[in-house]
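Chemist: The structure is given below, and queries will be raised subsequently.
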Amino acid sequence: MRQNRPYQSPYAAMLWSLVLPGFGQLYNKDYVIGFVLLVLEFLVNLKSDLNITLLYSFMG
């Protein structure tokens, strides 16, 4: 059963999730899922060398 929580806008959660996966869950106070998604996002970013790819694309 869901606890009584103050109203959280689903649109605000969606916008936070667009910024970085996990922020929407943190906004809705689902801390465990939010931190898991944040850690997974950073691991994928590190392992895929995404930052280097973006750097090379900007340099031409």
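The chains in the structure tokens are called A, B, ... from first to last as shown; in each chain the residues are counted from 1, and the ligands are counted from 1 in the order shown.
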Determine which residues of chain A DSSP labels as helix (DSSP H, G or I) from the backbone of this structure, then write them out as a PyMOL selection string.

Modeler: chain A and resi 10-19+23-27+31-47+50-59

Chemist: Tell me which protein, DNA and RNA residues are within 12 Å of stretch 36-50 of chain A, counting only C-alpha atoms, leaving out same-chain ones fewer than 6 positions away, and put them as a list in words.

Modeler: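 So, after excluding close chain neighbours, the residues are Ser17, Val19, Leu20, Pro21, Gly22, Phe23, Gly24, Gln25, Leu26, Asp30, Tyr56 and Ser57 of chain A.
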
Chemist: May I have the residues within 12 Å of A:Lys29 as a list of chain:residue names, using only C-alpha atoms and disregarding those fewer than 2 positions away in the same chain?

Modeler: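 Here the qualifying residues turn out to be A:Gln3, A:Arg5, A:Pro6, A:Tyr7, A:Gln8, A:Ala13, A:Gly22, A:Phe23, A:Gly24, A:Gln25, A:Leu26, A:Tyr27, A:Tyr31, A:Val32, A:Ile33, A:Gly34, A:Phe35.
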